[in-house]
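J.: The structure follows.
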Amino acid sequence: MDKLWAHLIKVQPDPHPWVVAVSALVALVIVGFRMPWQVSRGLITIAHEGGHALMALVTRRKLEGIRLHSDTSGVTLTRGRPTGPGMVLTAMAGYLAPPLLGLAAAWLTEQGRITLLIWTVLLFLVCMLLLIRNLYGALILLATGGAVYALVMYAPAAVQQGVAFAAVWFLLLGGIRPIIELQQKRRRRQARDSDADQLARLTILPGGFFVFFFFVVAVTAAVFGAYLMNPL
C-alpha cells in the first residue's frame with residue numbers, strides 16, 4: 001500500500017511552457033469548432049450527469065441511475081422530495097460540474113500530481129459505470145475508461161502530462177459552451193425542461209438568472225484554472 005500511495009502522489013516536474021500552450025490550443029479548437037465539439041461533447045455530458053449524481057448522494061436523495069444518449073444528452077434519475085434544497089442543489093450541480101472539476105484538476109496539475117489526477121478520473125468513470133442504466137451509456141464509459149487506463153498504464157510520463165493538461169483545458173473551456181448553447185435554446189423556446197427552467201420552477205428566481213450564474217461560475221473557473229496552469 002505504501003508503494004501504491006507513493007506512486008499516486010508522486011510529483012512530476014513542471015511542464016515546458018509550450019506543453020501548456022499547445023494543450024490549451026488543442027482544447028480551444030475542439031470546443032470552438034462544430035465537428036470536433038459534436039464528437040467530444042459527450043465527455044462534458046459525463047461530467048454534467050456525474051455532478052447531478054454526486055449532489056443527489058450528498059443531499060441524500062435516492063439515486064436510481066444515469067442515462068447517456070447518442071445525441072450527447074443525458075439524464076440522472078433520482079427519487080425524493082420534488083422540492084426543497086436537495087432538489088435545487090441537485091438540479092444546479094450539472095452545469096457547474098465540468099468547470100469546477102476542471103478547476104480542481106488544474107490545481108492537481110499545478111501541484112504536479114498528474115498520476116493522482118488520472119487515477120481519480122478513472123475512479124470517477126468506474127463509479128458512473130455502476131450507475132449507468134442504458135447500453136450506449138455503458139459503452140461510452142467503457143471506451144473512455146479504457147482509454148484512460150491505457151494512458152496511465154502504458155503511456156510515458158510526458159505523454160500523460162500533455163494529455164492531462166489538454167483534458168483540464170477541455171473541461172474548463174468545454175464547461176462554458178453548453179451554457180451558451182442552453183441560453184440560445186431558451187431564446188428559441190426549445191429548452192423548457194432544462195436545468196435552469198427546472199430551477200426557476202423550484203425557486204422564485206427566473207431561469208435566466210441561473211443561466212447567468214452558471215456562466216459566471218464557468219468563466220471564473222476557467223480564469224483561475226488558466227492562472228494555476230500558467231507555467232511562467
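Residue names in the C-alpha cells use chain letters A, B, ... in the order shown, residue numbers from 1 in each chain, and ligand numbers from 1 in the order shown.
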When you look at A:Ala157 with a cut-off of 12 Å (counting only C-alpha atoms), what residues show up, excluding the ones that are within fewer than 6 positions of it in the same chain? I need them as a ChimeraX atom specification.

T.: /A:10-15,112-115,118,151,163-164

J.: Can you list every residue in stretch 18-172 of chain A that DSSP puts in strand (DSSP E or B), as a list in words?

T.: Lys62, Leu63, Glu64, Gly65, Ile66, Arg67, Leu68, Gly74, Val75, Thr76, Leu77, Thr78, Arg79 and Ile132 of chain A

J.: Please report the interatomic distance between atom CA of A:Leu131 and atom CA of A:Gly65 in Å with one decimal.

T.: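 If I compute the distance from atom CA of A:Leu131 to atom CA of A:Gly65, I get 4.9 Å.
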
J.: Report as a VMD selection string all protein, DNA and RNA residues lying within 12 Å of A:Thr120, evaluated on only C-alpha atoms, omitting residues in the same chain fewer than 3 positions from it.

T.: chain A and resid 8 to 9 101 104 to 105 108 113 to 117 123 to 127 145 148 to 149 152 164

J.: Any idea what's packed within 10 Å of A:Arg186, counting only C-alpha atoms, ignoring anything in its chain fewer than 3 positions away? Could you give it as a PyMOL selection string?

T.: chain A and resi 180-183+189-194+196-197+207-208+211

J.: Sorted by chain and rising residue number, list the residues of stretch 91-186 of chain A at most 12 Å from stretch 51-63 of chain A (counting only C-alpha atoms), each with its closest atom pair and distance in Å to one decimal, as a tab-separated table.

T.:
residue	atom	partner	partner_atom	distance
A:Ala91	CA	A:His52	CA	6.5
A:Met92	CA	A:His52	CA	7.7
A:Ala93	CA	A:Gly51	CA	5.2
A:Gly94	CA	A:Gly51	CA	5.0
A:Tyr95	CA	A:Gly51	CA	8.0
A:Leu96	CA	A:Gly51	CA	7.6
A:Ala97	CA	A:Gly51	CA	5.0
A:Pro98	CA	A:Gly51	CA	7.9
A:Pro99	CA	A:Gly51	CA	10.7
A:Leu100	CA	A:Gly51	CA	9.7
A:Leu101	CA	A:Gly51	CA	9.1
A:Phe124	CA	A:Leu54	CA	10.3
A:Cys127	CA	A:Leu54	CA	10.2
A:Met128	CA	A:Ala53	CA	8.6
A:Leu129	CA	A:Ala53	CA	11.9
A:Leu130	CA	A:Leu63	CA	11.5
A:Leu131	CA	A:Leu63	CA	8.4
A:Ile132	CA	A:Ala53	CA	10.8
A:Arg133	CA	A:Leu63	CA	11.5

J.: Taking C-alpha atoms for each residue, export the selection above as a PDB file, in the first residue's frame.

T.:
ATOM      1  CA  ALA A  91     -30.538  20.442 -10.416  1.00  0.00           C
ATOM      2  CA  MET A  92     -27.907  23.159 -10.044  1.00  0.00           C
ATOM      3  CA  ALA A  93     -24.924  20.797  -9.974  1.00  0.00           C
ATOM      4  CA  GLY A  94     -24.998  19.685 -13.623  1.00  0.00           C
ATOM      5  CA  TYR A  95     -23.754  22.765 -15.445  1.00  0.00           C
ATOM      6  CA  LEU A  96     -21.402  23.639 -12.582  1.00  0.00           C
ATOM      7  CA  ALA A  97     -19.695  20.238 -12.517  1.00  0.00           C
ATOM      8  CA  PRO A  98     -17.464  20.439 -15.653  1.00  0.00           C
ATOM      9  CA  PRO A  99     -15.852  23.826 -14.884  1.00  0.00           C
ATOM     10  CA  LEU A 100     -15.456  23.073 -11.167  1.00  0.00           C
ATOM     11  CA  LEU A 101     -13.976  19.654 -11.910  1.00  0.00           C
ATOM     12  CA  PHE A 124     -14.928   8.584 -11.291  1.00  0.00           C
ATOM     13  CA  CYS A 127     -18.375   4.798 -10.210  1.00  0.00           C
ATOM     14  CA  MET A 128     -20.510   6.225 -13.008  1.00  0.00           C
ATOM     15  CA  LEU A 129     -20.436   2.892 -14.845  1.00  0.00           C
ATOM     16  CA  LEU A 130     -22.055   1.271 -11.808  1.00  0.00           C
ATOM     17  CA  LEU A 131     -24.910   3.768 -12.087  1.00  0.00           C
ATOM     18  CA  ILE A 132     -25.498   3.595 -15.848  1.00  0.00           C
ATOM     19  CA  ARG A 133     -28.874   2.235 -16.916  1.00  0.00           C
TER      20      ARG A 133
END

J.: What does the distance between atom CA of A:Val168 and atom CA of A:Val219 come to in Å, to one decimal place?

T.: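 Those two atoms sit 14.0 Å apart.
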